[in-house]
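A.B. asks: Data file input-v2.pdb (PDB, C-alpha atoms) is appended below.
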MODEL        1
ATOM      1  CA  MET A   1       0.000   0.000   0.000
ATOM      2  CA  LYS A   2       1.140   3.534  -0.757
ATOM      3  CA  ILE A   3       1.006   6.345   1.786
ATOM      4  CA  ASP A   4      -1.322   9.083   0.552
ATOM      5  CA  SER A   5      -0.933  11.576   3.414
ATOM      6  CA  ILE A   6       0.532  12.023   6.900
ATOM      7  CA  LEU A   7      -1.379  14.344   9.200
ATOM      8  CA  LYS A   8      -0.274  15.326  12.695
ATOM      9  CA  LYS A   9      -3.191  15.105  15.113
ATOM     10  CA  ARG A  10      -2.900  15.861  18.844
ATOM     11  CA  GLY A  11       0.759  14.895  18.890
ATOM     12  CA  LEU A  12       0.191  11.636  16.983
ATOM     13  CA  TYR A  13       0.239  10.979  13.240
ATOM     14  CA  LEU A  14      -2.657   9.823  11.098
ATOM     15  CA  ILE A  15      -1.375   7.811   8.143
ATOM     16  CA  SER A  16      -3.785   7.582   5.209
ATOM     17  CA  PHE A  17      -3.181   5.095   2.391
ATOM     18  CA  GLU A  18      -4.367   5.390  -1.194
ATOM     19  CA  GLU A  19      -6.420   2.229  -0.704
ATOM     20  CA  GLY A  20      -8.492   3.982   1.984
ATOM     21  CA  LYS A  21      -6.938   2.376   5.065
ATOM     22  CA  GLU A  22      -5.774   4.554   7.974
ATOM     23  CA  LEU A  23      -3.377   4.046  10.873
ATOM     24  CA  THR A  24      -2.424   6.201  13.825
ATOM     25  CA  VAL A  25       1.180   6.018  15.022
ATOM     26  CA  SER A  26       3.384   7.838  17.497
ATOM     27  CA  GLU A  27       6.085  10.226  16.387
ATOM     28  CA  GLU A  28       8.713   7.745  17.601
ATOM     29  CA  LEU A  29       7.418   4.934  15.403
ATOM     30  CA  LEU A  30       6.902   7.198  12.401
ATOM     31  CA  PHE A  31      10.529   8.273  12.432
ATOM     32  CA  ALA A  32      11.753   4.737  13.207
ATOM     33  CA  LEU A  33       9.913   3.396  10.156
ATOM     34  CA  GLY A  34      10.984   6.314   7.994
ATOM     35  CA  TRP A  35       7.517   6.670   6.506
ATOM     36  CA  LYS A  36       6.873   9.530   4.094
ATOM     37  CA  LYS A  37       4.155  10.439   1.628
ATOM     38  CA  GLY A  38       4.285   8.223  -1.462
ATOM     39  CA  ARG A  39       6.155   5.378   0.223
ATOM     40  CA  GLU A  40       5.014   1.802  -0.316
ATOM     41  CA  VAL A  41       4.236  -0.039   2.911
ATOM     42  CA  VAL A  42       3.846  -3.796   3.415
ATOM     43  CA  LEU A  43       1.496  -4.675   6.266
ATOM     44  CA  ASP A  44       3.210  -7.843   7.408
ATOM     45  CA  GLU A  45       3.336  -9.589  10.810
ATOM     46  CA  ARG A  46       6.458  -7.722  11.885
ATOM     47  CA  LEU A  47       4.814  -4.359  11.241
ATOM     48  CA  PHE A  48       1.659  -5.387  13.088
ATOM     49  CA  GLU A  49       3.784  -6.269  16.123
ATOM     50  CA  LYS A  50       5.359  -2.805  16.030
ATOM     51  CA  LEU A  51       1.952  -1.179  15.667
ATOM     52  CA  GLU A  52       0.657  -3.143  18.651
ATOM     53  CA  GLN A  53       3.595  -2.078  20.823
ATOM     54  CA  ASP A  54       3.144   1.483  19.616
ATOM     55  CA  LYS A  55      -0.383   1.526  21.079
ATOM     56  CA  TYR A  56       1.175   1.705  24.542
ATOM     57  CA  GLN A  57       3.154   4.779  23.503
ATOM     58  CA  GLN A  58       0.083   6.391  21.979
ATOM     59  CA  CYS A  59      -1.969   5.696  25.088
ATOM     60  CA  PHE A  60       0.781   7.155  27.274
ATOM     61  CA  HIS A  61       0.986  10.271  25.095
ATOM     62  CA  ILE A  62      -2.782  10.881  25.255
ATOM     63  CA  ALA A  63      -2.770  10.292  29.010
ATOM     64  CA  LEU A  64      -0.078  12.936  29.525
ATOM     65  CA  ARG A  65      -2.062  15.416  27.444
ATOM     66  CA  LYS A  66      -5.152  14.858  29.584
ATOM     67  CA  LEU A  67      -3.179  15.245  32.799
ATOM     68  CA  ASP A  68      -1.817  18.543  31.471
ATOM     69  CA  TYR A  69      -5.344  19.971  31.498
ATOM     70  CA  SER A  70      -6.227  18.953  35.061
ATOM     71  CA  ALA A  71      -5.407  16.567  37.882
ATOM     72  CA  LEU A  72      -7.269  13.298  37.368
ATOM     73  CA  SER A  73      -7.825  10.228  39.468
ATOM     74  CA  SER A  74      -6.836   6.871  38.026
ATOM     75  CA  LYS A  75     -10.530   6.065  37.497
ATOM     76  CA  GLN A  76     -11.180   9.318  35.643
ATOM     77  CA  LEU A  77      -8.153   8.773  33.405
ATOM     78  CA  GLU A  78      -9.208   5.188  32.727
ATOM     79  CA  GLN A  79     -12.663   6.338  31.597
ATOM     80  CA  ARG A  80     -11.246   9.047  29.338
ATOM     81  CA  LEU A  81      -8.731   6.719  27.723
ATOM     82  CA  LYS A  82     -11.519   4.208  27.034
ATOM     83  CA  LYS A  83     -13.386   6.956  25.190
ATOM     84  CA  GLU A  84     -10.261   7.420  23.063
ATOM     85  CA  GLY A  85     -10.603   3.787  21.971
ATOM     86  CA  PHE A  86      -7.733   2.219  23.924
ATOM     87  CA  CYS A  87      -8.207  -1.288  25.295
ATOM     88  CA  SER A  88      -7.916  -2.323  28.948
ATOM     89  CA  LYS A  89      -4.401  -3.776  28.716
ATOM     90  CA  HIS A  90      -2.969  -0.570  27.253
ATOM     91  CA  ILE A  91      -4.797   1.583  29.800
ATOM     92  CA  THR A  92      -3.768  -0.561  32.774
ATOM     93  CA  TYR A  93      -0.133  -0.520  31.709
ATOM     94  CA  VAL A  94      -0.098   3.263  31.228
ATOM     95  CA  ILE A  95      -1.870   4.039  34.511
ATOM     96  CA  GLU A  96       0.536   1.845  36.476
ATOM     97  CA  LYS A  97       3.455   3.554  34.739
ATOM     98  CA  LEU A  98       2.056   6.988  35.618
ATOM     99  CA  LYS A  99       1.624   5.919  39.241
ATOM    100  CA  ARG A 100       5.261   4.829  39.401
ATOM    101  CA  MET A 101       6.233   8.211  37.982
ATOM    102  CA  LYS A 102       4.081   9.911  40.654
ATOM    103  CA  LEU A 103       2.037  11.627  37.945
ATOM    104  CA  ILE A 104      -1.114   9.990  39.317
ATOM    105  CA  ASP A 105      -1.631   9.755  43.067
ATOM    106  CA  ASP A 106      -5.198   9.091  44.181
ATOM    107  CA  ASP A 107      -4.394   9.523  47.870
ATOM    108  CA  LEU A 108      -2.737  12.885  47.320
ATOM    109  CA  LEU A 109      -5.575  14.052  45.071
ATOM    110  CA  SER A 110      -8.097  12.987  47.727
ATOM    111  CA  LYS A 111      -6.262  15.003  50.371
ATOM    112  CA  HIS A 112      -6.168  18.105  48.148
ATOM    113  CA  ILE A 113      -9.895  17.838  47.438
ATOM    114  CA  ILE A 114     -10.729  17.358  51.120
ATOM    115  CA  GLU A 115      -8.564  20.299  52.173
ATOM    116  CA  SER A 116     -10.163  22.522  49.525
ATOM    117  CA  CYS A 117     -13.667  21.456  50.570
ATOM    118  CA  LEU A 118     -12.919  21.983  54.256
ATOM    119  CA  SER A 119     -11.654  25.497  53.550
ATOM    120  CA  LYS A 120     -15.044  26.214  51.960
ATOM    121  CA  GLY A 121     -16.953  24.834  54.942
ATOM    122  CA  PHE A 122     -18.276  21.736  53.176
ATOM    123  CA  SER A 123     -19.928  18.990  55.198
ATOM    124  CA  LYS A 124     -18.521  15.479  55.302
ATOM    125  CA  GLU A 125     -21.331  14.265  53.043
ATOM    126  CA  LYS A 126     -20.656  16.988  50.483
ATOM    127  CA  ILE A 127     -16.964  16.079  50.509
ATOM    128  CA  ARG A 128     -17.873  12.420  50.015
ATOM    129  CA  MET A 129     -19.979  13.352  46.981
ATOM    130  CA  LYS A 130     -17.071  15.393  45.585
ATOM    131  CA  LEU A 131     -14.720  12.438  45.964
ATOM    132  CA  TYR A 132     -17.241  10.156  44.293
ATOM    133  CA  SER A 133     -17.538  12.537  41.348
ATOM    134  CA  LYS A 134     -13.766  12.254  40.871
ATOM    135  CA  GLY A 135     -13.823   8.460  40.979
ATOM    136  CA  LEU A 136     -12.159   8.423  44.406
ATOM    137  CA  TYR A 137     -14.401   6.019  46.262
ATOM    138  CA  ASN A 138     -12.334   2.934  47.024
ATOM    139  CA  GLU A 139     -11.002   4.187  50.335
ATOM    140  CA  GLU A 140     -12.931   7.427  50.773
ATOM    141  CA  GLU A 141     -14.372   6.506  54.181
ATOM    142  CA  GLN A 142     -10.928   5.844  55.628
ATOM    143  CA  ILE A 143      -9.571   9.089  54.186
ATOM    144  CA  LEU A 144     -12.576  11.100  55.372
ATOM    145  CA  SER A 145     -12.329   9.707  58.895
ATOM    146  CA  GLN A 146      -8.669  10.692  58.966
ATOM    147  CA  TYR A 147      -9.065  14.221  57.617
ATOM    148  CA  VAL A 148     -12.577  15.131  58.746
ATOM    149  CA  PRO A 149     -12.839  14.216  62.442
ATOM    150  CA  ARG A 150     -16.127  14.852  64.218
ATOM    151  CA  ASP A 151     -14.983  18.089  65.855
ATOM    152  CA  ARG A 152     -13.900  19.470  62.461
ATOM    153  CA  GLU A 153     -17.314  18.626  61.027
ATOM    154  CA  GLU A 154     -19.006  20.448  63.914
ATOM    155  CA  ASP A 155     -16.714  23.461  63.515
ATOM    156  CA  ASN A 156     -17.567  23.685  59.823
ATOM    157  CA  ALA A 157     -21.278  23.451  60.606
ATOM    158  CA  TYR A 158     -20.900  26.212  63.167
ATOM    159  CA  ALA A 159     -19.014  28.435  60.705
ATOM    160  CA  VAL A 160     -21.784  28.046  58.116
ATOM    161  CA  ALA A 161     -24.455  28.692  60.749
ATOM    162  CA  LYS A 162     -22.715  31.838  61.976
ATOM    163  CA  LYS A 163     -22.452  33.210  58.444
ATOM    164  CA  LYS A 164     -26.118  32.454  57.763
ATOM    165  CA  TYR A 165     -27.141  33.986  61.095
ATOM    166  CA  LYS A 166     -26.110  37.465  59.916
ATOM    167  CA  SER A 167     -29.104  37.545  57.576
ATOM    168  CA  LEU A 168     -31.487  36.080  60.158
ATOM    169  CA  SER A 169     -30.641  37.995  63.336
ATOM    170  CA  THR A 170     -33.811  40.118  63.310
ATOM    171  CA  LEU A 171     -36.129  37.081  63.249
ATOM    172  CA  PRO A 172     -37.618  35.419  66.320
ATOM    173  CA  PRO A 173     -35.358  32.740  67.869
ATOM    174  CA  ILE A 174     -37.586  29.856  66.783
ATOM    175  CA  GLU A 175     -37.502  31.052  63.149
ATOM    176  CA  ILE A 176     -33.740  31.478  63.285
ATOM    177  CA  LYS A 177     -33.393  27.978  64.650
ATOM    178  CA  LYS A 178     -35.598  26.463  61.920
ATOM    179  CA  LYS A 179     -33.773  28.250  59.120
ATOM    180  CA  LEU A 180     -30.341  27.314  60.480
ATOM    181  CA  TYR A 181     -31.383  23.677  60.734
ATOM    182  CA  SER A 182     -32.683  23.813  57.174
ATOM    183  CA  THR A 183     -29.539  25.467  55.814
ATOM    184  CA  LEU A 184     -27.122  23.070  57.507
ATOM    185  CA  SER A 185     -29.166  19.993  56.605
ATOM    186  CA  TYR A 186     -29.242  21.117  52.981
ATOM    187  CA  ARG A 187     -25.445  21.454  53.090
ATOM    188  CA  GLY A 188     -25.228  17.789  54.068
ATOM    189  CA  PHE A 189     -24.216  18.079  57.720
ATOM    190  CA  ARG A 190     -25.258  15.231  60.036
ATOM    191  CA  TYR A 191     -28.089  15.901  62.470
ATOM    192  CA  ASP A 192     -25.874  15.735  65.544
ATOM    193  CA  SER A 193     -23.435  18.237  64.016
ATOM    194  CA  VAL A 194     -26.313  20.534  63.052
ATOM    195  CA  LYS A 195     -27.804  20.367  66.533
ATOM    196  CA  THR A 196     -24.474  21.085  68.234
ATOM    197  CA  ALA A 197     -23.657  23.997  65.912
ATOM    198  CA  VAL A 198     -27.075  25.664  66.195
ATOM    199  CA  GLU A 199     -27.258  25.305  69.958
ATOM    200  CA  ARG A 200     -23.736  26.678  70.323
ATOM    201  CA  LEU A 201     -24.513  29.697  68.148
ATOM    202  CA  LEU A 202     -27.852  30.539  69.753
ATOM    203  CA  SER A 203     -26.360  30.113  73.196
ATOM    204  CA  GLU A 204     -23.616  32.597  72.324
ATOM    205  CA  GLU A 205     -26.288  35.017  71.112
ATOM    206  CA  ASN A 206     -28.176  34.562  74.400
ATOM    207  CA  PHE A 207     -31.286  33.113  72.791
ATOM    208  CA  ASP A 208     -33.449  30.533  74.516
ATOM    209  CA  ILE A 209     -32.463  27.437  72.542
ATOM    210  CA  THR A 210     -35.220  25.367  74.149
ATOM    211  CA  ASP A 211     -37.850  27.595  72.564
ATOM    212  CA  GLU A 212     -40.211  25.418  70.513
TER     213      GLU A 212
ENDMDL
END
Could you write out this file's structure as structure tokens?
C.D. replies:
Amino acid sequence: MKIDSILKKRGLYLISFEEGKELTVSEELLFALGWKKGREVVLDERLFEKLEQDKYQQCFHIALRKLDYSALSSKQLEQRLKKEGFCSKHITYVIEKLKRMKLIDDDLLSKHIIESCLSKGFSKEKIRMKLYSKGLYNEEEQILSQYVPRDREEDNAYAVAKKKYKSLSTLPPIEIKKKLYSTLSYRGFRYDSVKTAVERLLSEENFDITDE
């Protein structure tokens, strides 16, 4: 078969043949084979072996490009590489290689997400949902228990309640209490954390927290 065109596409090369067949190869393989427009190519067993090995390089190249855009968990990267058409063996190999290179670290990514969420006053449940959305759910309970102890959860609930209280301070105590409970529950805080935070805040403001 004769090469009709060679088009660079996202760092890889699309080889089109006059007979209508197309192949995608890495830059390394293209130069190793010495392919140029108009060259005759024989698709024999040896070439197919090289093309198969080159799939790992292509998968690795695409993975690096995706990681350049944003930090990804191993699960997120796996899903995106599948959409690119790579098979499981290529994806598994590349992800393990990236882990060895410390370019993917699910534990570190989890910690960064938790720290960011905590700084925004997120509840433990909201943080759990964030981790799930990133594909970080294998050990999320262990990580959450380590980085979001009960007292930290209660402090975050209190911080949210105090901020909300500024817009409620002119209401009767019972209305303030109801709206604080509603706000904190909506944010995903556990009932015991909500109760502790609201009672602490209203007590500091000298309201009768037993008012029903």
A.B. asks: Taking into account only C-alpha atoms, which residue in the set A:Glu205, A:Glu175, A:Glu153, A:Glu28 is nearest to A:Leu51?
C.D. replies: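 Checking each candidate against A:Leu51, we get A:Glu28 as the closest.
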A.B. asks: Pick the closest to A:Tyr56 from A:Leu23, A:Lys37, A:Phe189, A:Ile95: which is it, counting all atoms listed in the file?
C.D. replies: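 Among A:Leu23, A:Lys37, A:Phe189, A:Ile95, it is A:Ile95 that comes nearest to A:Tyr56.
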A.B. asks: Please measure the separation of atom CA of A:Ser119 and atom CA of A:Tyr158, giving the value in Å to one decimal.
C.D. replies: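 Between these atoms lies a distance of 13.4 Å.
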A.B. asks: Near stretch 181-186 of chain A, within 10 Å and counting all atoms listed in the file, which residues show up once chain neighbours fewer than 2 positions away are dropped, as a list in words?
C.D. replies: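 Residues meeting the cut-off are Phe122, Ser123, Lys126, Asn156, Ala157, Tyr158, Val160, Ala161, Lys164, Glu175, Ile176, Lys177, Lys178, Lys179, Gly188, Phe189, Arg190, Tyr191, Ser193, Val194, Lys195, Ala197 and Val198 of chain A.
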A.B. asks: Quick check, in Å to one decimal: how far apart do atom CA of A:Ile15 and atom CA of A:His61 lie?
C.D. replies: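 About the pair atom CA of A:Ile15 and atom CA of A:His61: they are 17.3 Å apart.
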A.B. asks: If we count all atoms listed in the file and set the cut-off at 9 Å, which residues sit around stretch 41-47 of chain A, ignoring sequence neighbours fewer than 5 positions away in its own chain? Please answer as a PyMOL selection string.
C.D. replies: chain A and resi 1-3+35+52
A.B. asks: So how far away is atom CA of A:Asp192 from atom CA of A:Leu168, in Å?
C.D. replies: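 Separating atom CA of A:Leu168 from atom CA of A:Asp192 is a distance of 21.8 Å.
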A.B. asks: Under the rule that all atoms listed in the file are counted, which of A:Leu180, A:Ile114, A:Ile104, A:Ile6 is the nearest residue to A:Arg39?
C.D. replies: A:Ile6
A.B. asks: A:Leu103: which residues within 9 Å, counting only C-alpha atoms, same-chain residues fewer than 2 positions away excluded, as number ranges by chain?
C.D. replies: A: 64, 67, 71, 97-101, 105
A.B. asks: Could you check which of A:Arg128, A:His112, A:Lys134, A:His90 is closest to A:Leu72, using only C-alpha atoms?
C.D. replies: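 Nearest candidate to A:Leu72 out of A:Arg128, A:His112, A:Lys134, A:His90: A:Lys134.
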A.B. asks: For A:Cys59, which residue out of A:Tyr93, A:Phe17, A:Phe31, A:Tyr137 is the nearest one, using only C-alpha atoms?
C.D. replies: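 Smallest distance to A:Cys59 is found for A:Tyr93.
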A.B. asks: Smallest atom-to-atom distance to A:Lys111: which of A:Tyr132, A:Arg200, A:Leu144, A:Gln79, using all atoms listed in the file?
C.D. replies: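 For A:Lys111, the nearest of the candidates is A:Leu144.
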